[in-house]
file start-v8.csv (CSV, C-alpha atoms)
chain,number,residue,atom,x,y,z
Y,1,MET,CA,106.4,188.6,155.6
Y,2,SER,CA,105.7,185.7,153.2
Y,3,ASP,CA,102.2,184.4,153.5
Y,4,GLY,CA,102.2,180.8,154.9
Y,5,ALA,CA,105.9,180.9,155.5
Y,6,LEU,CA,107.2,179.3,158.7
Y,7,GLN,CA,108.1,181.8,161.4
Y,8,VAL,CA,110.2,180.7,164.4
Y,9,LEU,CA,109.3,182.0,167.8
Y,10,ASP,CA,112.4,181.7,169.8
Y,11,GLY,CA,111.8,184.4,172.4
Y,12,THR,CA,113.6,187.2,170.6
Y,13,ASN,CA,110.1,188.7,169.9
Y,14,LEU,CA,109.7,189.4,173.6
Y,15,THR,CA,112.6,191.7,174.1
Y,16,SER,CA,110.5,194.8,173.6
Y,17,VAL,CA,107.4,193.7,175.6
Y,18,ASP,CA,106.0,196.6,177.7
Y,19,LEU,CA,106.9,195.7,181.4
Y,20,SER,CA,105.0,198.6,183.0
Y,21,LEU,CA,102.0,198.1,185.2
Y,22,PRO,CA,98.7,199.9,184.6
Y,23,ASP,CA,98.2,203.0,186.7
Y,24,SER,CA,96.8,202.0,190.1
Y,25,ASP,CA,97.4,203.0,193.7
Y,26,GLY,CA,96.5,199.6,195.3
Y,27,PRO,CA,98.2,196.2,195.4
Y,28,VAL,CA,98.2,193.9,192.4
Y,29,THR,CA,97.2,190.2,192.5
Y,30,GLY,CA,99.4,187.5,191.1
Y,31,ALA,CA,96.6,186.4,188.8
Y,32,HIS,CA,96.4,189.9,187.3
Y,33,ILE,CA,100.2,190.0,186.8
Y,34,LEU,CA,100.2,186.7,184.9
Y,35,ASP,CA,97.2,187.6,182.8
Y,36,LEU,CA,98.8,190.9,181.9
Y,37,ALA,CA,102.1,189.2,181.0
Y,38,ASN,CA,100.3,186.5,178.9
Y,39,SER,CA,98.4,189.2,177.0
Y,40,ARG,CA,101.4,191.3,176.3
Y,41,ALA,CA,103.5,188.3,175.3
Y,42,SER,CA,100.7,187.1,172.9
Y,43,SER,CA,100.6,190.6,171.3
Y,44,SER,CA,104.3,190.3,170.6
Y,45,LEU,CA,103.9,186.9,169.1
Y,46,PHE,CA,101.6,187.9,166.3
Y,47,GLY,CA,98.5,187.6,168.5
Y,48,LEU,CA,99.0,183.9,169.0
Y,49,PRO,CA,97.3,182.7,172.3
Y,50,LEU,CA,100.1,181.2,174.4
Y,51,PRO,CA,99.8,177.4,174.6
Y,52,ASP,CA,99.1,176.1,178.1
Y,53,THR,CA,102.3,174.0,178.0
Y,54,LEU,CA,104.3,177.1,177.4
Y,55,LYS,CA,102.7,179.0,180.2
Y,56,ASP,CA,103.1,176.1,182.6
Y,57,SER,CA,106.7,175.7,181.7
Y,58,ALA,CA,107.3,179.4,182.2
Y,59,ILE,CA,105.7,179.3,185.6
Y,60,THR,CA,107.9,176.3,186.6
Y,61,ARG,CA,110.9,178.5,185.7
Y,62,LEU,CA,109.7,181.0,188.3
Y,63,ARG,CA,110.4,178.4,190.9
Y,64,SER,CA,107.3,179.4,192.9
Y,65,PRO,CA,106.6,176.7,195.5
Y,66,ASP,CA,102.8,177.2,195.2
Y,67,ILE,CA,101.3,178.6,191.9
Y,68,ASP,CA,97.9,178.9,193.5
Y,69,ALA,CA,99.4,181.0,196.3
Y,70,LEU,CA,101.2,183.1,193.7
Y,71,ARG,CA,98.0,183.8,191.8
Y,72,SER,CA,95.9,184.7,194.8
Y,73,ALA,CA,98.5,186.8,196.7
Y,74,GLU,CA,98.6,190.6,196.5
Y,75,TYR,CA,101.8,192.4,195.8
Y,76,ASP,CA,103.0,196.0,196.0
Y,77,ARG,CA,104.0,197.7,192.7
Y,78,ASP,CA,107.7,197.0,193.0
Y,79,LYS,CA,107.2,193.3,193.7
Y,80,ALA,CA,104.5,193.1,191.0
Y,81,SER,CA,106.9,194.7,188.5
Y,82,GLU,CA,109.6,192.2,189.4
Y,83,ILE,CA,107.2,189.2,188.9
Y,84,LEU,CA,106.0,190.6,185.6
Y,85,LYS,CA,109.5,190.9,184.3
Y,86,ASP,CA,110.6,187.5,185.6
Y,87,TYR,CA,107.6,185.8,184.0
Y,88,ILE,CA,108.1,187.4,180.6
Y,89,THR,CA,111.8,186.4,180.8
Y,90,ALA,CA,110.7,182.9,181.7
Y,91,ILE,CA,108.5,182.7,178.6
Y,92,ALA,CA,111.4,184.0,176.5
Y,93,ASP,CA,113.8,181.4,178.0
Y,94,GLU,CA,111.3,178.6,177.4
Y,95,LEU,CA,110.9,179.6,173.7
Y,96,LYS,CA,114.7,179.8,173.4
Y,97,ASP,CA,115.0,176.2,174.5
Y,98,ASN,CA,111.8,175.0,172.8
Y,99,PRO,CA,111.0,177.3,169.9
Y,100,LEU,CA,107.5,177.3,168.3
Y,101,VAL,CA,107.1,177.2,164.6
Y,102,VAL,CA,104.0,179.0,163.3
Y,103,SER,CA,102.4,179.9,160.0
Y,104,ILE,CA,101.1,183.4,159.5
Y,105,LEU,CA,98.5,183.8,156.8
Y,106,ASP,CA,97.8,187.4,155.8
Y,107,GLY,CA,96.3,187.0,152.3
Y,108,SER,CA,99.4,188.1,150.4
Y,109,THR,CA,99.9,184.8,148.6
Y,110,LEU,CA,96.2,184.7,147.5
Y,111,ARG,CA,96.5,188.4,146.4
Y,112,LEU,CA,99.5,187.6,144.1
Y,113,LEU,CA,97.7,184.5,142.7
Y,114,LEU,CA,94.5,186.4,141.9
Y,115,GLU,CA,96.5,189.2,140.3
Y,116,ASP,CA,98.2,186.9,137.8
Y,117,GLU,CA,95.4,185.7,135.5
Y,118,ASP,CA,97.6,183.1,133.8
Y,119,ASP,CA,98.7,181.5,137.0
Y,120,PHE,CA,95.2,181.4,138.4
Y,121,ALA,CA,93.8,179.9,135.2
Y,122,MET,CA,96.4,177.1,135.3
Y,123,LEU,CA,95.8,176.4,139.0
Y,124,ALA,CA,92.0,176.3,138.5
Y,125,GLU,CA,92.4,173.9,135.5
Y,126,ASN,CA,94.7,171.6,137.4
Y,127,LEU,CA,92.5,171.5,140.4
Y,128,PHE,CA,89.4,170.8,138.3
Y,129,THR,CA,91.2,168.0,136.5
Y,130,ASP,CA,92.3,166.4,139.8
Y,131,LEU,CA,88.8,166.6,141.3
Y,132,ASP,CA,87.1,165.3,138.1
Y,133,ALA,CA,88.0,161.7,138.9
Y,134,ASP,CA,85.5,160.2,136.5
Y,135,ASP,CA,86.6,162.5,133.7
Y,136,LYS,CA,83.0,163.7,133.2
Y,137,GLY,CA,83.8,167.4,132.7
Y,138,LYS,CA,81.6,168.2,135.6
Y,139,ILE,CA,82.2,168.4,139.4
Y,140,ARG,CA,79.9,169.3,142.3
Y,141,LYS,CA,80.0,172.7,143.9
Y,142,SER,CA,80.9,171.2,147.2
Y,143,GLU,CA,84.2,170.0,145.6
Y,144,ILE,CA,85.4,173.6,146.2
Y,145,GLN,CA,86.2,172.6,149.8
Y,146,ASN,CA,88.5,169.8,148.5
Y,147,ALA,CA,90.1,172.3,146.1
Y,148,LEU,CA,91.0,174.6,149.0
Y,149,ASP,CA,92.3,171.6,151.0
Y,150,GLU,CA,94.5,170.7,148.1
Y,151,MET,CA,95.9,174.2,147.8
Y,152,GLY,CA,96.7,174.2,151.5
Y,153,VAL,CA,98.7,176.5,153.8
Y,154,GLU,CA,101.5,176.8,151.2
Y,155,MET,CA,99.1,178.7,149.0
Y,156,GLY,CA,97.6,180.8,151.8
Y,157,ILE,CA,94.6,178.7,152.7
Y,158,PRO,CA,94.1,178.3,156.4
Y,159,PRO,CA,92.8,175.0,157.8
Y,160,ILE,CA,89.1,175.2,158.8
Y,161,SER,CA,90.1,174.1,162.3
Y,162,GLU,CA,92.0,177.4,162.6
Y,163,PHE,CA,89.6,179.5,160.5
Y,164,PRO,CA,86.0,178.3,160.9
Y,165,GLN,CA,84.8,181.4,159.1
Y,166,LEU,CA,85.8,179.6,155.9
Y,167,ASN,CA,82.6,177.6,156.2
Y,168,ASP,CA,80.6,180.8,156.1
Y,169,LEU,CA,82.4,181.9,153.0
Y,170,LEU,CA,81.6,178.7,151.2
Y,171,ARG,CA,77.9,178.9,152.2
Y,172,LYS,CA,77.8,182.5,151.1
Y,173,HIS,CA,78.8,181.4,147.6
Y,174,GLY,CA,76.7,178.2,147.6
Y,175,ALA,CA,79.8,176.2,147.5
Y,176,ASP,CA,78.3,173.6,149.8
Y,177,GLY,CA,75.7,172.5,147.2
Y,178,GLU,CA,75.5,169.5,144.9
Y,179,GLU,CA,75.0,171.5,141.7
Y,180,GLU,CA,77.5,170.4,139.0
Y,181,LEU,CA,79.9,172.9,137.4
Y,182,GLY,CA,82.0,172.9,134.3
Y,183,GLN,CA,85.6,174.0,134.3
Y,184,ALA,CA,84.9,177.7,133.6
Y,185,GLN,CA,82.1,177.8,136.2
Y,186,PHE,CA,84.4,176.1,138.7
Y,187,ALA,CA,87.2,178.7,138.1
Y,188,GLN,CA,84.7,181.6,138.5
Y,189,LEU,CA,83.4,180.2,141.8
Y,190,LEU,CA,86.9,179.5,143.1
Y,191,GLN,CA,88.0,183.0,142.2
Y,192,SER,CA,85.0,184.5,144.1
Y,193,VAL,CA,85.7,182.4,147.2
Y,194,LEU,CA,89.5,183.2,147.2
Y,195,GLN,CA,88.8,187.0,146.8
Y,196,ASP,CA,86.6,187.0,149.9
Y,197,LEU,CA,89.1,184.8,151.8
Y,198,GLU,CA,91.9,187.2,150.9
Y,199,GLU,CA,89.9,190.2,152.2
Y,200,GLU,CA,89.2,188.4,155.5
Y,201,LEU,CA,92.8,187.4,156.0
Y,202,THR,CA,94.0,190.9,155.2
Y,203,LYS,CA,91.7,192.3,157.9
Y,204,LYS,CA,92.7,189.6,160.4
Y,205,ASN,CA,95.7,187.3,160.0
Y,206,VAL,CA,95.5,183.7,160.9
Y,207,VAL,CA,98.4,182.5,163.1
Y,208,PHE,CA,98.7,178.8,164.1
Y,209,ILE,CA,101.3,176.5,165.5
Y,210,GLN,CA,102.8,173.9,163.2
Y,211,ASN,CA,103.5,170.4,164.5
Y,212,ILE,CA,107.2,170.9,163.8
Y,213,GLN,CA,110.0,170.6,166.4
Y,214,ILE,CA,113.2,172.6,166.1
Y,215,ILE,CA,116.2,170.5,167.3
Y,216,ASN,CA,118.9,173.1,168.0
Y,217,GLY,CA,121.1,171.4,170.6
Y,218,SER,CA,119.6,173.3,173.6
Y,219,LYS,CA,118.3,170.2,175.2
Y,220,LEU,CA,121.6,168.5,174.7
Y,221,ARG,CA,123.4,171.4,176.4
Y,222,GLN,CA,121.2,170.9,179.4
Y,223,LEU,CA,121.9,167.2,179.4
Y,224,LEU,CA,125.7,167.8,179.2
Y,225,ALA,CA,125.5,170.0,182.2
Y,226,ASN,CA,123.8,167.3,184.3
Y,227,GLU,CA,126.4,164.7,185.4
Y,228,GLU,CA,123.7,162.5,186.9
Y,229,GLU,CA,121.8,162.3,183.6
Y,230,LEU,CA,125.0,161.6,181.7
Y,231,ASN,CA,125.8,158.7,184.0
Y,232,SER,CA,122.3,157.4,183.6
Y,233,ILE,CA,122.8,157.3,179.8
Y,234,VAL,CA,126.0,155.4,180.2
Y,235,GLU,CA,124.4,152.9,182.6
Y,236,LYS,CA,121.6,152.3,180.0
Y,237,VAL,CA,124.1,151.8,177.2
Y,238,LEU,CA,126.0,149.3,179.4
Y,239,GLN,CA,122.7,147.4,179.9
Y,240,GLU,CA,122.3,147.3,176.1
Y,241,LYS,CA,125.5,145.3,175.7
Y,242,PRO,CA,124.2,141.9,176.6
Y,243,LYS,CA,121.3,142.4,174.2
Y,244,ALA,CA,123.5,143.4,171.3
Y,245,LYS,CA,124.6,141.2,168.5
Y,246,ASP,CA,128.0,139.5,168.8
Y,247,GLY,CA,130.8,141.6,167.4
Y,248,LEU,CA,129.3,145.0,168.0
Y,249,GLY,CA,131.6,147.4,169.8
Y,250,SER,CA,130.7,150.0,172.4
Y,251,THR,CA,130.4,152.8,170.0
Y,252,GLU,CA,128.0,150.9,167.7
Y,253,ILE,CA,125.9,150.0,170.7
Y,254,LEU,CA,126.0,153.6,171.7
Y,255,ARG,CA,124.9,154.8,168.3
Y,256,HIS,CA,122.0,152.4,168.3
Y,257,PHE,CA,120.9,153.6,171.8
Y,258,LEU,CA,121.1,157.3,170.8
Y,259,GLU,CA,119.1,156.7,167.6
Y,260,SER,CA,116.5,154.7,169.5
Y,261,ASN,CA,116.1,157.4,172.2
Y,262,ALA,CA,116.6,160.4,170.0
Y,263,LYS,CA,113.5,162.4,170.9
Y,264,GLU,CA,113.9,162.0,174.6
Y,265,LEU,CA,117.6,163.1,174.4
Y,266,GLY,CA,117.0,166.1,172.2
Y,267,LEU,CA,118.5,164.5,169.0
Y,268,PRO,CA,116.9,164.4,165.6
Y,269,LEU,CA,115.3,161.2,164.3
Y,270,SER,CA,117.9,159.6,162.1
Y,271,GLU,CA,115.2,157.8,160.0
Y,272,ALA,CA,113.4,161.0,159.2
Y,273,ASP,CA,115.6,162.0,156.2
Y,274,GLU,CA,118.9,161.3,154.6
Y,275,ALA,CA,120.5,164.5,155.8
Y,276,VAL,CA,120.0,163.5,159.5
Y,277,ALA,CA,121.4,160.1,158.8
Y,278,LEU,CA,124.5,161.7,157.3
Y,279,LEU,CA,124.8,164.0,160.4
Y,280,TYR,CA,125.0,160.8,162.6
Y,281,ASP,CA,127.6,159.4,160.3
Y,282,ASP,CA,129.7,162.5,160.4
Y,283,VAL,CA,129.5,162.9,164.2
Y,284,PHE,CA,130.5,159.4,164.9
Y,285,ALA,CA,133.2,159.3,162.2
Y,286,ASP,CA,134.7,162.5,163.6
Y,287,VAL,CA,134.5,161.6,167.3
Y,288,VAL,CA,134.8,157.8,167.4
Y,289,LYS,CA,137.6,157.1,164.8
Y,290,GLU,CA,139.6,154.1,166.0
Y,291,ASN,CA,137.2,153.2,168.8
Y,292,ASN,CA,134.4,151.8,166.6
Y,293,SER,CA,134.8,148.2,167.5
Y,294,VAL,CA,136.7,148.5,170.8
Y,295,GLU,CA,135.2,147.5,174.1
Y,296,LEU,CA,135.3,150.6,176.4
Y,297,ASP,CA,135.2,150.7,180.2
Y,298,LYS,CA,132.7,152.9,182.0
Y,299,GLU,CA,135.0,155.8,182.4
Y,300,GLU,CA,136.0,155.8,178.7
Y,301,LEU,CA,132.3,155.4,177.7
Y,302,VAL,CA,131.4,158.5,179.8
Y,303,LYS,CA,134.0,160.5,177.9
Y,304,LEU,CA,132.8,159.2,174.6
Y,305,VAL,CA,129.2,160.0,175.3
Y,306,LYS,CA,130.2,163.6,176.3
Y,307,ASP,CA,132.3,164.0,173.1
Y,308,ILE,CA,129.5,162.7,170.8
Y,309,LEU,CA,126.7,164.8,172.4
Y,310,GLU,CA,128.9,167.9,172.4
Y,311,LYS,CA,129.6,167.4,168.7
Y,312,PHE,CA,125.9,167.0,168.0
Y,313,ALA,CA,125.1,170.1,170.0
Y,314,GLU,CA,127.7,172.1,168.1
Y,315,GLN,CA,126.3,170.9,164.7
Y,316,LEU,CA,122.7,171.4,165.7
Y,317,GLU,CA,123.4,174.9,167.0
Y,318,ILE,CA,124.8,175.9,163.6
Y,319,ASN,CA,122.2,174.0,161.5
Y,320,PRO,CA,119.0,173.3,163.5
Y,321,VAL,CA,116.9,170.4,162.3
Y,322,TYR,CA,113.2,170.8,161.7
Y,323,GLN,CA,111.1,167.7,162.1
Y,324,ASP,CA,107.5,166.8,162.4
Y,325,PHE,CA,106.4,165.3,165.7
Y,326,PRO,CA,103.1,163.5,166.6
call {"tool": "encode", "arguments": {"input": "start-v8.csv", "output": "structure tokens"}}
result
Amino acid sequence: MSDGALQVLDGTNLTSVDLSLPDSDGPVTGAHILDLANSRASSSLFGLPLPDTLKDSAITRLRSPDIDALRSAEYDRDKASEILKDYITAIADELKDNPLVVSILDGSTLRLLLEDEDDFAMLAENLFTDLDADDKGKIRKSEIQNALDEMGVEMGIPPISEFPQLNDLLRKHGADGEEELGQAQFAQLLQSVLQDLEEELTKKNVVFIQNIQIINGSKLRQLLANEEELNSIVEKVLQEKPKAKDGLGSTEILRHFLESNAKELGLPLSEADEAVALLYDDVFADVVKENNSVELDKEELVKLVKDILEKFAEQLEINPVYQDFP
């Protein structure tokens, strides 16, 4: 496992979750079943606490009419086993449709860095130069925190928000003081802090969710299976026509609508990067062809919407798009 590398949690990690109930002769409450399932699912997901949104979505998939009643009710072992299995399956299904992207920091990147004296010396020199804004040849001890921020997750440094123990390490080495250090002293202090940090991460990995969305076509598949939603999209596109510039055809208006409502529809944001803009170009060029400037009636527009979304879903399933989201 590469330290700091992105790991995608898409539900496959849950295929081997223990679905057995603890030994007991009596009934089992729904609350105990859900807590047990959450704990076991978390253990299979690198110890990551399950986000409330994930748990809520999984419970919704259970189609229980009353979650409070589910939690408070008592079940015999057969029914409890069934609920446990269904809930774990619901979590896996939710992750399949809405994967989580996490970083796992286990100290390995820091270990490699510290073992290579030349690489570490170059890093320390570059950090010192960046932090010595006034070119005095001296920086305060407290600048170590900024050095760690500059190194970032890519170099195995967890955010303090995810690893508050980092503050303790800095205090331990006096790295929160105002004493000034030269380049050699800075490198020595940085090395000591990183050595302790590497040991802590080796003992207990830090796992945290990245603000990255994987757009893999799953949401589009759900939309394509819902005739009512498709018709709603077409109606909205038709409403856009009077607002559009003269000379724009149905397909151009449709593209503008899809790009403007990309996140809600399960499409990537076209302005995010050039590759996504090219994806839009390819899909429309492949599906639209001679219809680009032709006025289409509602029935033709429904077919066009289906064709375009189907093509997007196929492409995104093959090559998912990773994008930051607020």
call {"tool": "residues_around", "arguments": {"input": "start-v8.csv", "residues": "Lys136 in chain Y", "least_positions_apart": "5", "cutoff": "12 Å", "atoms": "all atoms listed in the file", "output": "VMD selection string"}}
result
chain Y and resid 128 to 131 180 to 183
call {"tool": "atom_distance", "arguments": {"input": "start-v8.csv", "atom1": "CA of Asp118 in chain Y", "atom2": "CA of Leu148 in chain Y"}}
result
18.6 Å
call {"tool": "atom_distance", "arguments": {"input": "start-v8.csv", "atom1": "CA of Ile215 in chain Y", "atom2": "CA of Leu6 in chain Y"}}
result
15.2 Å
call {"tool": "atom_distance", "arguments": {"input": "start-v8.csv", "atom1": "CA of Leu169 in chain Y", "atom2": "CA of Gln185 in chain Y"}}
result
17.3 Å
call {"tool": "closest_atom_pairs", "arguments": {"input": "start-v8.csv", "of": "range 21-47 of chain Y", "to": "range 200-213 of chain Y", "cutoff": "10 Å", "atoms": "all atoms listed in the file", "output": "tab-separated table"}}
result
residue	atom	partner	partner_atom	distance
Y:Leu45	CA	Y:Val207	CA	9.3
Y:Phe46	CA	Y:Val207	CA	7.0
Y:Gly47	CA	Y:Val207	CA	7.4
call {"tool": "residues_around", "arguments": {"input": "start-v8.csv", "residues": "Leu265 in chain Y", "least_positions_apart": "5", "cutoff": "10 Å", "atoms": "only C-alpha atoms", "output": "list in words"}}
result
Gly217, Lys219, Leu220, Gln222, Leu223, Ile233, Leu258, Glu259, Ser260 and Leu309 of chain Y
call {"tool": "residues_around", "arguments": {"input": "start-v8.csv", "residues": "Glu74 in chain Y", "least_positions_apart": "3", "cutoff": "7 Å", "atoms": "only C-alpha atoms", "output": "number ranges by chain"}}
result
Y: 27-30
call {"tool": "closest_residue", "arguments": {"input": "start-v8.csv", "among": "Y:Lys263, Y:Ala121, Y:Val305, Y:Glu115", "to": "Ser232 in chain Y", "atoms": "only C-alpha atoms"}}
result
Y:Val305
call {"tool": "residues_near_point", "arguments": {"input": "start-v8.csv", "point": "(73.0, 167.0, 148.9)", "cutoff": "10 Å", "atoms": "all atoms listed in the file", "output": "list in words"}}
result
Arg140, Ser142, Asp176, Gly177, Glu178 and Glu179 of chain Y
call {"tool": "residues_near_point", "arguments": {"input": "start-v8.csv", "point": "(87.8, 181.0, 144.3)", "cutoff": "10 Å", "atoms": "only C-alpha atoms", "output": "PyMOL selection string"}}
result
chain Y and resi 110+114+120+124+144+147-148+170+173+175+186-198
call {"tool": "residues_around", "arguments": {"input": "start-v8.csv", "residues": "Ser43 in chain Y", "least_positions_apart": "5", "cutoff": "12 Å", "atoms": "all atoms listed in the file", "output": "PDB file with C-alpha atoms, keeping the file's coordinate frame"}}
result
ATOM      1  CA  ASN Y  13     110.100 188.700 169.900  1.00  0.00           C
ATOM      2  CA  LEU Y  14     109.700 189.400 173.600  1.00  0.00           C
ATOM      3  CA  SER Y  16     110.500 194.800 173.600  1.00  0.00           C
ATOM      4  CA  VAL Y  17     107.400 193.700 175.600  1.00  0.00           C
ATOM      5  CA  ASP Y  18     106.000 196.600 177.700  1.00  0.00           C
ATOM      6  CA  LEU Y  36      98.800 190.900 181.900  1.00  0.00           C
ATOM      7  CA  ALA Y  37     102.100 189.200 181.000  1.00  0.00           C
ATOM      8  CA  ASN Y  38     100.300 186.500 178.900  1.00  0.00           C
ATOM      9  CA  LEU Y  48      99.000 183.900 169.000  1.00  0.00           C
ATOM     10  CA  PRO Y  49      97.300 182.700 172.300  1.00  0.00           C
ATOM     11  CA  LEU Y  50     100.100 181.200 174.400  1.00  0.00           C
ATOM     12  CA  VAL Y 207      98.400 182.500 163.100  1.00  0.00           C
TER      13      VAL Y 207
END
call {"tool": "closest_residue", "arguments": {"input": "start-v8.csv", "among": "Y:Asn226, Y:Asp307, Y:Val302, Y:Asn261", "to": "Leu238 in chain Y", "atoms": "all atoms listed in the file"}}
result
Y:Val302
call {"tool": "closest_residue", "arguments": {"input": "start-v8.csv", "among": "Y:Leu54, Y:Leu70, Y:Asp106, Y:Leu19", "to": "Asp86 in chain Y", "atoms": "all atoms listed in the file"}}
result
Y:Leu19
call {"tool": "build_atoms", "arguments": {"input": "start-v8.csv", "residues": "range 85-110 of chain Y", "atoms": "N, CA and C atoms", "output": "PDB file, in the frame of the given file"}}
result
ATOM      1  N   LYS Y  85     108.307 191.052 185.074  1.00  0.00           N
ATOM      2  CA  LYS Y  85     109.500 190.900 184.300  1.00  0.00           C
ATOM      3  C   LYS Y  85     110.068 189.506 184.316  1.00  0.00           C
ATOM      4  N   ASP Y  86     110.062 188.880 185.479  1.00  0.00           N
ATOM      5  CA  ASP Y  86     110.600 187.500 185.600  1.00  0.00           C
ATOM      6  C   ASP Y  86     109.753 186.526 184.772  1.00  0.00           C
ATOM      7  N   TYR Y  87     108.442 186.724 184.750  1.00  0.00           N
ATOM      8  CA  TYR Y  87     107.600 185.800 184.000  1.00  0.00           C
ATOM      9  C   TYR Y  87     107.763 185.961 182.507  1.00  0.00           C
ATOM     10  N   ILE Y  88     107.852 187.187 182.026  1.00  0.00           N
ATOM     11  CA  ILE Y  88     108.100 187.400 180.600  1.00  0.00           C
ATOM     12  C   ILE Y  88     109.469 186.813 180.225  1.00  0.00           C
ATOM     13  N   THR Y  89     110.458 186.993 181.082  1.00  0.00           N
ATOM     14  CA  THR Y  89     111.800 186.400 180.800  1.00  0.00           C
ATOM     15  C   THR Y  89     111.701 184.890 180.799  1.00  0.00           C
ATOM     16  N   ALA Y  90     110.883 184.326 181.685  1.00  0.00           N
ATOM     17  CA  ALA Y  90     110.700 182.900 181.700  1.00  0.00           C
ATOM     18  C   ALA Y  90     110.084 182.355 180.429  1.00  0.00           C
ATOM     19  N   ILE Y  91     109.105 183.085 179.902  1.00  0.00           N
ATOM     20  CA  ILE Y  91     108.500 182.700 178.600  1.00  0.00           C
ATOM     21  C   ILE Y  91     109.525 182.751 177.513  1.00  0.00           C
ATOM     22  N   ALA Y  92     110.319 183.832 177.489  1.00  0.00           N
ATOM     23  CA  ALA Y  92     111.400 184.000 176.500  1.00  0.00           C
ATOM     24  C   ALA Y  92     112.375 182.853 176.563  1.00  0.00           C
ATOM     25  N   ASP Y  93     112.784 182.516 177.779  1.00  0.00           N
ATOM     26  CA  ASP Y  93     113.800 181.400 178.000  1.00  0.00           C
ATOM     27  C   ASP Y  93     113.207 180.098 177.524  1.00  0.00           C
ATOM     28  N   GLU Y  94     111.930 179.859 177.818  1.00  0.00           N
ATOM     29  CA  GLU Y  94     111.300 178.600 177.400  1.00  0.00           C
ATOM     30  C   GLU Y  94     111.256 178.513 175.887  1.00  0.00           C
ATOM     31  N   LEU Y  95     110.937 179.626 175.212  1.00  0.00           N
ATOM     32  CA  LEU Y  95     110.900 179.600 173.700  1.00  0.00           C
ATOM     33  C   LEU Y  95     112.301 179.487 173.160  1.00  0.00           C
ATOM     34  N   LYS Y  96     113.296 179.991 173.852  1.00  0.00           N
ATOM     35  CA  LYS Y  96     114.700 179.800 173.400  1.00  0.00           C
ATOM     36  C   LYS Y  96     115.059 178.348 173.384  1.00  0.00           C
ATOM     37  N   ASP Y  97     114.663 177.641 174.434  1.00  0.00           N
ATOM     38  CA  ASP Y  97     115.000 176.200 174.500  1.00  0.00           C
ATOM     39  C   ASP Y  97     114.050 175.354 173.697  1.00  0.00           C
ATOM     40  N   ASN Y  98     112.800 175.787 173.563  1.00  0.00           N
ATOM     41  CA  ASN Y  98     111.800 175.000 172.800  1.00  0.00           C
ATOM     42  C   ASN Y  98     111.013 175.936 171.893  1.00  0.00           C
ATOM     43  N   PRO Y  99     111.628 176.379 170.799  1.00  0.00           N
ATOM     44  CA  PRO Y  99     111.000 177.300 169.900  1.00  0.00           C
ATOM     45  C   PRO Y  99     109.667 176.761 169.317  1.00  0.00           C
ATOM     46  N   LEU Y 100     108.729 177.657 169.042  1.00  0.00           N
ATOM     47  CA  LEU Y 100     107.500 177.300 168.300  1.00  0.00           C
ATOM     48  C   LEU Y 100     107.637 177.678 166.877  1.00  0.00           C
ATOM     49  N   VAL Y 101     107.101 176.851 166.014  1.00  0.00           N
ATOM     50  CA  VAL Y 101     107.100 177.200 164.600  1.00  0.00           C
ATOM     51  C   VAL Y 101     105.623 177.457 164.218  1.00  0.00           C
ATOM     52  N   VAL Y 102     105.386 178.642 163.651  1.00  0.00           N
ATOM     53  CA  VAL Y 102     104.000 179.000 163.300  1.00  0.00           C
ATOM     54  C   VAL Y 102     103.921 179.435 161.845  1.00  0.00           C
ATOM     55  N   SER Y 103     102.727 179.330 161.330  1.00  0.00           N
ATOM     56  CA  SER Y 103     102.400 179.900 160.000  1.00  0.00           C
ATOM     57  C   SER Y 103     101.542 181.111 160.197  1.00  0.00           C
ATOM     58  N   ILE Y 104     101.828 182.142 159.412  1.00  0.00           N
ATOM     59  CA  ILE Y 104     101.100 183.400 159.500  1.00  0.00           C
ATOM     60  C   ILE Y 104     100.468 183.651 158.108  1.00  0.00           C
ATOM     61  N   LEU Y 105      99.162 183.582 158.023  1.00  0.00           N
ATOM     62  CA  LEU Y 105      98.500 183.800 156.800  1.00  0.00           C
ATOM     63  C   LEU Y 105      97.837 185.167 156.751  1.00  0.00           C
ATOM     64  N   ASP Y 106      98.325 186.026 155.849  1.00  0.00           N
ATOM     65  CA  ASP Y 106      97.800 187.400 155.800  1.00  0.00           C
ATOM     66  C   ASP Y 106      97.185 187.775 154.467  1.00  0.00           C
ATOM     67  N   GLY Y 107      96.948 186.775 153.617  1.00  0.00           N
ATOM     68  CA  GLY Y 107      96.300 187.000 152.300  1.00  0.00           C
ATOM     69  C   GLY Y 107      97.199 187.395 151.198  1.00  0.00           C
ATOM     70  N   SER Y 108      98.487 187.605 151.465  1.00  0.00           N
ATOM     71  CA  SER Y 108      99.400 188.100 150.400  1.00  0.00           C
ATOM     72  C   SER Y 108      99.589 187.097 149.286  1.00  0.00           C
ATOM     73  N   THR Y 109      99.685 185.817 149.615  1.00  0.00           N
ATOM     74  CA  THR Y 109      99.900 184.800 148.600  1.00  0.00           C
ATOM     75  C   THR Y 109      98.636 184.731 147.683  1.00  0.00           C
ATOM     76  N   LEU Y 110      97.460 184.763 148.287  1.00  0.00           N
ATOM     77  CA  LEU Y 110      96.200 184.700 147.500  1.00  0.00           C
ATOM     78  C   LEU Y 110      96.121 185.976 146.619  1.00  0.00           C
TER      79      LEU Y 110
END
